[in-house]
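Student: Got a structure here, written out as structure tokens. Questions coming.
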There are 4 protein chains.
Amino acid sequence: MSDREDILVGDFPFVPKQERAQQKRNALLESGHMLFFSKGYEHTTAKEIAAHAGVATGTFYRYFSDKRQLLMSLLEDKLDKLLPPEPSWLSCDPEALLASLLEAHNDRLKEVGLRRVLPELLPKDPELAEVLSVARRKIHGRILSGLKQVSECGLTWKDLDMDTVTWSIMVLAENGPDKEKQSGKQADYHELAKVMCRMVFPPDILKKLRTEEKSPAE
Amino acid sequence: MSDREDILVGDFPFVPKQERAQQKRNALLESGHMLFFSKGYEHTTAKEIAAHAGVATGTFYRYFSDKRQLLMSLLEDKLDKLLPPEPSWLSCDPEALLASLLEAHNDRLKEVGLRRVLPELLPKDPELAEVLSVARRKIHGRILSGLKQVSECGLTWKDLDMDTVTWSIMVLAENGPDKEKQSGKQADYHELAKVMCRMVFPPDILKKLRTEEKSPAE
Amino acid sequence: MSDREDILVGDFPFVPKQERAQQKRNALLESGHMLFFSKGYEHTTAKEIAAHAGVATGTFYRYFSDKRQLLMSLLEDKLDKLLPPEPSWLSCDPEALLASLLEAHNDRLKEVGLRRVLPELLPKDPELAEVLSVARRKIHGRILSGLKQVSECGLTWKDLDMDTVTWSIMVLAENGPDKEKQSGKQADYHELAKVMCRMVFPPDILKKLRTEEKSPAE
Amino acid sequence: MSDREDILVGDFPFVPKQERAQQKRNALLESGHMLFFSKGYEHTTAKEIAAHAGVATGTFYRYFSDKRQLLMSLLEDKLDKLLPPEPSWLSCDPEALLASLLEAHNDRLKEVGLRRVLPELLPKDPELAEVLSVARRKIHGRILSGLKQVSECGLTWKDLDMDTVTWSIMVLAENGPDKEKQSGKQADYHELAKVMCRMVFPPDILKKLRTEEKSPAE
DNA sequence: GATGAATGAGGATTCATTCAT
DNA sequence: CATGAATGAATCCTCATTCAT
């Protein structure tokens with residue numbers, strides 16, 4: 001890939017094997033993702049994935065031991081990207097924070113893509129279930145840790161269990177945007193953020209937080 | 001079927017054909033339900049359902065044209081039972097009301113059983129999606145109508161959109177109890193009810209409601 | 001069946017079992033015939049035959065040991081009816097005779113109905129093949145015997161083998177009328193009769209025969 | 001593929017994929033042909049065909065979408081080979097000509113092999129019927145065209161319809177040789193040729209034709 | 001005798017996975 | 001390493017036949 005190499009070898013297969021391989025692997029992952037999402041896991045054949053990725057059927061099995069493993073690789077990829085950033089409610093407008101939390105949902109569209117296939121597999125695949133469970137616990141933990149910070153400052157409802165609140169936020173965020181077609185009635189982002197904030201902050205405190213948040217900027 | 005006959009023949013095999021047939025049909029529905037729930041739709045074969053119901057493979061096809069049709073029958077059965085009763089927040093302790101709403105979830109265990117298979121099929125089956133969508137709209141409408149009553153009395157938060165609140169309640173109720181295994185962290189009923197109430201009522205009004213509710217009993 | 005019985009029992013199930021049974025048996029045969037003809041043997045189910053005959057599935061098996069046996073019964077019925085009458089070429093206009101031979105084909109429509117299913121079964125069923133073979137030999141024999149009469153009078157071509165001629169007539173008659181759709185070009189009855197006569201009689205003899213034939217009537 | 005290569009590599013497994021595939025496809029066609037012929041279409045399973053061709057069940061479906069398609073391919077193959085050569089009655093002994101026409105029957109054994117399954121399928125499969133009809137029309141046309149030549153020279157019977165004669169020849173040729181088992185009485189080639197000639201030529205003309213035909217050779 | 005529900009073997013077809021080239 | 005043909009187990013579904021009522 002260095003200049004010299006280019007000069008020496010010209011255009012000859014200069015893409016290192018590794019790189020080519022990675023390309024193929026990724027193409028397969030992409031194809032798998034898209035096809036699993038659009039047709040479901042069982043209805044997607046290895047042949048299709050390979051064809052869609054532009055490789056031969058057999059090649060699929062050079063990169064993945066089987067269909068399931070491709071799915072697992074997909075999960076590893078995606079689950080990491082799902083982890084929301086450690087939220088710090090105090091440093092910004094809480095509603096704005098939730099905006100980002102819900103915006104993270106855009107990337108979560110992909111996860112939902114995976115959620116599409118999970119119900120199909122979870123009961124048959126305890127390992128998969130475990131992987132997923134771990135991921136959700138991680139997310140839960142991160143949200144909870146943020147809530148605890150504000151909670152310790154006495155800024156949250158005293159009578160609500162932060163654990164339950166955390167769980168509620170998570171569930172609402174997960175089911176929010178794209179479930180619209182199922183419910184017929186879609187939740188709008190802004191209103192949803194307000195409802196979530198209400199679960200966390202008493203109205204007066206929230207008002208103060210939103211005001212203060214502007215001050216530091218001054 | 002007359003009284004006398006009953007006395008004379010007791011329970012002797014006189015069950016009418018129709019009844020026998022219904023029994024079998026139900027056995028198949030039951031088996032389908034359980035197997036779809038525990039193994040997923042795709043992983044359940046007609047043969048298995050039949051075997052589990054104690055009949056031969058061919059018998060399955062006497063009662064259902066195929067797996068999908070069994071699922072649809074299951075849905076028709078269950079969806080009706082899912083409709084929560086029109087809630088009247090004023091006539092009782094709101095938290096108690098939510099208790100019942102969440103308790104209705106026990107029956108909903110079955111629905112959740114179905115929900116288990118729905119994500120697997122919804123994208124592939126627009127008809128199914130429509131059926132489900134109608135059902136959810138019905139539920140949403142019923143909850144919302146209850147909220148509007150209290151809202152018109154000025155008892156709810158003025159700054160929250162009741163539609164969004166309705167949707168949140170529905171989602172939380174749906175995902176509540178049995179998702180525990182996926183989230184690792186389970187929501188406890190009582191706390192969940194409190195959170196839900198907070199989305200609807202300002203704390204002082206809720207207190208009043210709960211107190212008043214006792215008065216009539218006095 | 002006696003008068004007295006009629007008087008005694010009035011209108012009560014007075015159709016003797018035997019008669020009722022015969023009716024059903026015939027209904028089944030009819031239905032079998034029609035369905036085998038229109039859908040083929042393999043594609044016709046016992047259930048269909050029964051339904052079409054207005055009886056229950058099980059009843060089918062009271063009258064016939066199985067589907068095949070119904071077919072055999074059908075054959076016995078039909079094959080007899082196929083036997084053409086002993087032809088006597090001298091007693092009438094040969095072409096008129098062939099008219100009747102070919103007209104007998106109208107009734108043979110039914111046989112052709114059977115021919116429809118035969119190719120399907122012959123290779124699997126040597127017994128059936130034998131039955132059919134016997135029938136064809138019978139027909140062949142009868143035609144041949146007629147030809148021999150005129151042949152012995154020296155009225156036929158001397159250089160043709162009557163056996164072959166017989167066979168040709170039979171084949172042409174069998175494949176004649178209704179095969180039209182397959183050949184696209186249909187044979188017309190009258191012309192076909194002329195061709196057949198040419199295989200048997202020299203033109204001058206035929207002319208004489210047709211003239212003489214009128215004389216006796218005078 | 002150069003000469004040298006051939007010499008060097010000999011017959012080493014260099015058979016191109018295509019060739020191997022063709023081999024298999026042909027094996028399947030062969031097996032299908034033989035089995036359809038010996039057991040009938042309905043009684044032959046895809047599995048059997050595959051087994052007989054020495055491949056696995058699934059392989060069958062790589063080459064043919066289903067049983068029916070294999071049959072259609074068979075037809076395409078065979079029907080072309082069935083077309084008899086344009087006959088020219090004047091250039092040779094008519095009976096010799098018919099010899100060849102009937103000898104073409106050897107290849108027709110195969111077609112008859114197909115005819116074996118056709119009656120089974122024709123009524124159920126209009127497309128198949130059409131294909132066959134076209135083929136028969138072609139054959140009919142070719143025979144007729146030959147007859148017209150001699151007819152225009154005034155060499156044929158004046159009172160017979162050449163169309164009907166054509167049709168008769170075709171039918172006799174088609175049903176000739178292998179129907180023996182059904183009729184019990186088989187037509188012998190030579191005699192059959194004589195009968196056919198009689199349908200076309202008056203005896204004296206035929207004699208002349210056969211004599212003339214020798215002169216040119218002198 | 002009649003009924004029709006139940007049976008289960010059997011055929012068509014698909015697809016994950018392997019392996020010779 | 002890539003290829004894609006081959007495999008054959010597994011599924012869906014049908015239907016001839018039986019048998020309890």
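Note on naming: chains are A, B, ... as they come in the structure tokens, residues start from 1 per chain, ligands start from 1 in the order shown.
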Skipping near chain neighbours, those fewer than 6 positions away, what residues fall within 7 Å of segment 24-33 of chain B using only C-alpha atoms (C1' of nucleotides), listed as an mmCIF file with N, CA, C and O atoms, in the first residue's frame?
Tutor:
```cif
data_model
loop_
_atom_site.group_PDB
_atom_site.id
_atom_site.type_symbol
_atom_site.label_atom_id
_atom_site.label_comp_id
_atom_site.auth_asym_id
_atom_site.auth_seq_id
_atom_site.Cartn_x
_atom_site.Cartn_y
_atom_site.Cartn_z
ATOM 1 N N ILE B 49 -47.039 -30.221 16.394
ATOM 2 C CA ILE B 49 -48.283 -29.732 16.992
ATOM 3 C C ILE B 49 -49.268 -30.888 17.123
ATOM 4 O O ILE B 49 -49.883 -31.091 18.157
ATOM 5 N N ALA B 50 -49.395 -31.643 16.039
ATOM 6 C CA ALA B 50 -50.315 -32.773 16.061
ATOM 7 C C ALA B 50 -49.920 -33.769 17.147
ATOM 8 O O ALA B 50 -50.748 -34.168 17.972
ATOM 9 N N HIS B 52 -48.186 -33.348 19.783
ATOM 10 C CA HIS B 52 -48.399 -32.779 21.121
ATOM 11 C C HIS B 52 -49.869 -32.788 21.498
ATOM 12 O O HIS B 52 -50.224 -32.915 22.662
ATOM 13 N N ALA B 53 -50.725 -32.659 20.486
ATOM 14 C CA ALA B 53 -52.159 -32.669 20.757
ATOM 15 C C ALA B 53 -52.699 -34.095 20.791
ATOM 16 O O ALA B 53 -53.888 -34.316 21.012
ATOM 17 N N TYR B 63 -58.375 -29.753 10.524
ATOM 18 C CA TYR B 63 -58.875 -28.612 11.281
ATOM 19 C C TYR B 63 -58.278 -27.280 10.858
ATOM 20 O O TYR B 63 -58.877 -26.231 11.065
ATOM 21 N N LEU B 70 -53.694 -21.804 11.751
ATOM 22 C CA LEU B 70 -53.820 -22.078 13.174
ATOM 23 C C LEU B 70 -53.440 -20.829 13.959
ATOM 24 O O LEU B 70 -54.127 -20.425 14.906
ATOM 25 N N LEU B 74 -55.688 -18.630 16.535
ATOM 26 C CA LEU B 74 -55.185 -18.340 17.870
ATOM 27 C C LEU B 74 -55.364 -16.853 18.146
ATOM 28 O O LEU B 74 -55.859 -16.445 19.212
#
```
Student: Can you tell me which residues surround segment 6-20 of chain F at a distance of at most 9 Å, considering only C-alpha atoms (C1' of nucleotides), apart from same-chain residues fewer than 5 positions away, and format the answer as a PyMOL selection string?
Tutor: (chain B and resi 45-46+58+61+66) or (chain C and resi 45-47+58+61+66-67) or (chain D and resi 55-59) or (chain E and resi 6-7+11-14+17-19)
Student: Which value, in Å to one decimal, gives the distance between atom CA of Lys138 of chain D and atom CA of Tyr41 of chain D?
Tutor: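 Answer for the atom CA of Lys138 of chain D to atom CA of Tyr41 of chain D separation: 25.5 Å.
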Student: To one decimal place in Å, what is the distance between atom CA of Thr211 of chain B and atom CA of Lys194 of chain B?
Tutor: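 Atom CA of Lys194 of chain B lies at a distance of 15.8 Å from atom CA of Thr211 of chain B.
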Student: Go ahead and compute the interatomic distance for atom CA of Glu48 of chain D and atom CA of Arg20 of chain D, in Å to one decimal.
Tutor: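 Atom-to-atom, atom CA of Glu48 of chain D to atom CA of Arg20 of chain D, that is 20.8 Å.
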Student: Pick the closest to chain A from B:Asp80, B:Glu95, B:Glu120, B:Glu103: which is it, counting only C-alpha atoms?
Tutor: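 Closest candidate: B:Glu120.
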Student: Would you kindly return, as a list in words, each protein, DNA or RNA residue with an atom no farther than 8 Å from any atom of Pro202 of chain D, considering only C-alpha atoms (C1' of nucleotides) and excluding same-chain residues fewer than 2 positions away?
Tutor: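 The contact residues come out as Leu155, Thr156, Trp157, Arg198, Val200, Asp204, Ile205 and Leu206 of chain D.
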Student: Store the residues picked out above in a file with N, CA and C atoms, as a tab-separated table (two decimals), in the first residue's frame.
Tutor:
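Written out: out_37.tsv:
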```
chain	number	residue	atom	x	y	z
D	155	LEU	N	-51.63	-40.30	-59.99
D	155	LEU	CA	-51.23	-41.67	-59.68
D	155	LEU	C	-52.02	-42.31	-58.54
D	156	THR	N	-52.82	-41.52	-57.85
D	156	THR	CA	-53.53	-42.07	-56.68
D	156	THR	C	-54.99	-42.31	-57.01
D	157	TRP	N	-55.65	-42.99	-56.08
D	157	TRP	CA	-57.09	-43.19	-56.21
D	157	TRP	C	-57.74	-41.83	-56.37
D	198	ARG	N	-52.12	-49.61	-50.63
D	198	ARG	CA	-53.42	-49.79	-51.25
D	198	ARG	C	-54.32	-48.58	-51.04
D	200	VAL	N	-53.35	-45.67	-51.06
D	200	VAL	CA	-52.87	-44.56	-51.88
D	200	VAL	C	-52.96	-44.86	-53.38
D	204	ASP	N	-52.47	-51.36	-60.21
D	204	ASP	CA	-51.69	-51.33	-61.46
D	204	ASP	C	-50.66	-50.23	-61.45
D	205	ILE	N	-51.05	-49.09	-60.97
D	205	ILE	CA	-50.10	-47.97	-60.89
D	205	ILE	C	-48.94	-48.33	-59.97
D	206	LEU	N	-49.28	-48.93	-58.87
D	206	LEU	CA	-48.23	-49.31	-57.93
D	206	LEU	C	-47.22	-50.22	-58.61
```
Student: I need the alpha helix (DSSP H) residues of segment 12-193 of chain C per DSSP on the backbone, written as an MDAnalysis selection string.
Tutor: chainID C and resid 17:39 46:53 57:63 67:82 94:121 126:152 162:175 180:183 189:193
Student: Generate a file of the selected residues that holds C-alpha atoms, formatted as a compact mmCIF listing (two decimals), in the first residue's frame.
Tutor:
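selection-v3.txt was written with the following content:
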```txt
# COMPACT_ATOMS: atom_id res chain seq x y z
CA LYS C 17 -81.97 -53.05 0.79
CA GLN C 18 -80.70 -54.77 -2.29
CA GLU C 19 -82.22 -52.18 -4.52
CA ARG C 20 -80.97 -49.28 -2.48
CA ALA C 21 -77.60 -50.90 -2.44
CA GLN C 22 -77.61 -51.30 -6.20
CA GLN C 23 -78.51 -47.66 -6.55
CA LYS C 24 -75.59 -46.62 -4.44
CA ARG C 25 -73.24 -48.96 -6.18
CA ASN C 26 -74.29 -47.56 -9.50
CA ALA C 27 -74.01 -44.01 -8.31
CA LEU C 28 -70.47 -44.78 -7.25
CA LEU C 29 -69.67 -46.39 -10.58
CA GLU C 30 -71.09 -43.42 -12.42
CA SER C 31 -69.16 -40.97 -10.32
CA GLY C 32 -66.01 -42.98 -10.65
CA HIS C 33 -66.42 -43.12 -14.36
CA MET C 34 -66.97 -39.44 -14.75
CA LEU C 35 -64.22 -38.41 -12.39
CA PHE C 36 -61.64 -40.87 -13.68
CA PHE C 37 -62.39 -39.60 -17.12
CA SER C 38 -62.17 -35.95 -16.32
CA LYS C 39 -59.33 -35.91 -13.84
CA ALA C 46 -62.05 -42.03 -3.11
CA LYS C 47 -63.51 -39.22 -1.05
CA GLU C 48 -64.41 -37.31 -4.17
CA ILE C 49 -66.08 -40.28 -5.77
CA ALA C 50 -68.11 -40.86 -2.64
CA ALA C 51 -69.04 -37.22 -2.30
CA HIS C 52 -70.04 -37.01 -5.92
CA ALA C 53 -72.20 -40.09 -5.48
CA THR C 57 -66.34 -41.92 2.31
CA GLY C 58 -66.60 -45.12 4.24
CA THR C 59 -69.53 -46.30 2.18
CA PHE C 60 -67.29 -46.43 -0.82
CA TYR C 61 -65.43 -49.26 0.80
CA ARG C 62 -68.56 -51.22 1.48
CA TYR C 63 -69.17 -51.56 -2.23
CA LYS C 67 -60.31 -47.64 -5.95
CA ARG C 68 -58.80 -50.13 -8.32
CA GLN C 69 -61.67 -52.49 -7.96
CA LEU C 70 -64.14 -49.83 -8.91
CA LEU C 71 -62.14 -49.29 -12.04
CA MET C 72 -62.19 -53.00 -12.82
CA SER C 73 -65.94 -53.11 -12.38
CA LEU C 74 -66.20 -50.17 -14.69
CA LEU C 75 -64.17 -52.02 -17.28
CA GLU C 76 -66.26 -55.12 -17.12
CA ASP C 77 -69.33 -53.03 -17.70
CA LYS C 78 -67.92 -51.09 -20.58
CA LEU C 79 -65.89 -53.65 -22.39
CA ASP C 80 -68.89 -55.79 -23.08
CA LYS C 81 -70.73 -52.88 -24.54
CA LEU C 82 -67.82 -52.30 -26.85
CA PRO C 94 -70.38 -52.11 -46.78
CA GLU C 95 -70.08 -48.42 -46.32
CA ALA C 96 -73.25 -48.34 -44.32
CA LEU C 97 -71.82 -51.14 -42.29
CA LEU C 98 -68.78 -49.11 -41.53
CA ALA C 99 -71.03 -46.25 -40.69
CA SER C 100 -72.49 -48.35 -37.95
CA LEU C 101 -69.07 -49.57 -36.95
CA LEU C 102 -67.93 -46.03 -36.58
CA GLU C 103 -71.13 -44.99 -35.03
CA ALA C 104 -70.64 -47.63 -32.43
CA HIS C 105 -67.83 -45.36 -31.64
CA ASN C 106 -70.24 -42.96 -30.09
CA ASP C 107 -70.83 -45.46 -27.39
CA ARG C 108 -67.14 -46.01 -27.51
CA LEU C 109 -66.75 -42.47 -26.32
CA LYS C 110 -67.19 -44.03 -22.98
CA GLU C 111 -64.57 -46.60 -23.67
CA VAL C 112 -62.29 -43.86 -24.72
CA GLY C 113 -63.14 -42.43 -21.39
CA LEU C 114 -61.58 -45.52 -19.99
CA ARG C 115 -58.71 -45.45 -22.41
CA ARG C 116 -58.02 -42.16 -20.75
CA VAL C 117 -57.03 -43.93 -17.56
CA LEU C 118 -55.61 -47.10 -18.99
CA PRO C 119 -52.16 -45.88 -19.98
CA GLU C 120 -51.83 -44.66 -16.46
CA LEU C 121 -52.44 -48.06 -15.03
CA PRO C 126 -50.76 -56.71 -15.50
CA GLU C 127 -54.17 -58.06 -14.64
CA LEU C 128 -55.79 -55.00 -16.05
CA ALA C 129 -53.62 -55.30 -19.11
CA GLU C 130 -54.77 -58.86 -19.55
CA VAL C 131 -58.43 -57.94 -19.27
CA LEU C 132 -58.00 -55.27 -21.87
CA SER C 133 -56.01 -57.50 -24.13
CA VAL C 134 -58.73 -60.12 -24.05
CA ALA C 135 -61.32 -57.56 -24.98
CA ARG C 136 -59.32 -56.30 -27.91
CA ARG C 137 -58.69 -59.80 -29.12
CA LYS C 138 -62.40 -60.41 -29.01
CA ILE C 139 -63.13 -57.38 -31.10
CA HIS C 140 -60.37 -58.26 -33.48
CA GLY C 141 -61.74 -61.75 -33.81
CA ARG C 142 -65.21 -60.56 -34.59
CA ILE C 143 -64.11 -58.16 -37.26
CA LEU C 144 -61.82 -60.73 -38.76
CA SER C 145 -64.50 -63.34 -38.88
CA GLY C 146 -66.68 -60.98 -40.88
CA LEU C 147 -63.89 -60.27 -43.28
CA LYS C 148 -63.19 -63.93 -43.76
CA GLN C 149 -66.70 -64.53 -44.97
CA VAL C 150 -66.36 -62.10 -47.83
CA SER C 151 -62.81 -63.11 -48.38
CA GLU C 152 -63.82 -66.68 -48.93
CA MET C 162 -56.92 -59.91 -43.80
CA ASP C 163 -55.44 -59.98 -40.37
CA THR C 164 -53.56 -56.82 -41.01
CA VAL C 165 -56.58 -55.24 -42.58
CA THR C 166 -58.63 -56.15 -39.56
CA TRP C 167 -56.11 -54.63 -37.28
CA SER C 168 -55.99 -51.48 -39.35
CA ILE C 169 -59.73 -51.07 -39.25
CA MET C 170 -59.73 -51.51 -35.54
CA VAL C 171 -56.99 -49.01 -34.95
CA LEU C 172 -58.52 -46.44 -37.23
CA ALA C 173 -61.89 -46.85 -35.60
CA GLU C 174 -60.39 -46.54 -32.17
CA ASN C 175 -58.39 -43.46 -32.89
CA GLU C 180 -59.29 -34.88 -33.60
CA LYS C 181 -58.02 -32.38 -31.13
CA GLN C 182 -54.67 -34.06 -30.98
CA SER C 183 -54.09 -34.37 -34.67
CA TYR C 189 -66.60 -40.28 -41.04
CA HIS C 190 -67.63 -40.73 -44.59
CA GLU C 191 -64.20 -40.45 -46.08
CA LEU C 192 -62.82 -42.72 -43.45
CA ALA C 193 -65.39 -45.36 -44.36
```
Student: Using only C-alpha atoms (C1' of nucleotides), find the residues of chain E whose closest atom to chain B is at most 12 Å away, then write them as a list in words.
Tutor: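 Here is what falls inside 12 Å: DT3, DG4, DA5, DA6, DT7, DG8 and DA9 of chain E.
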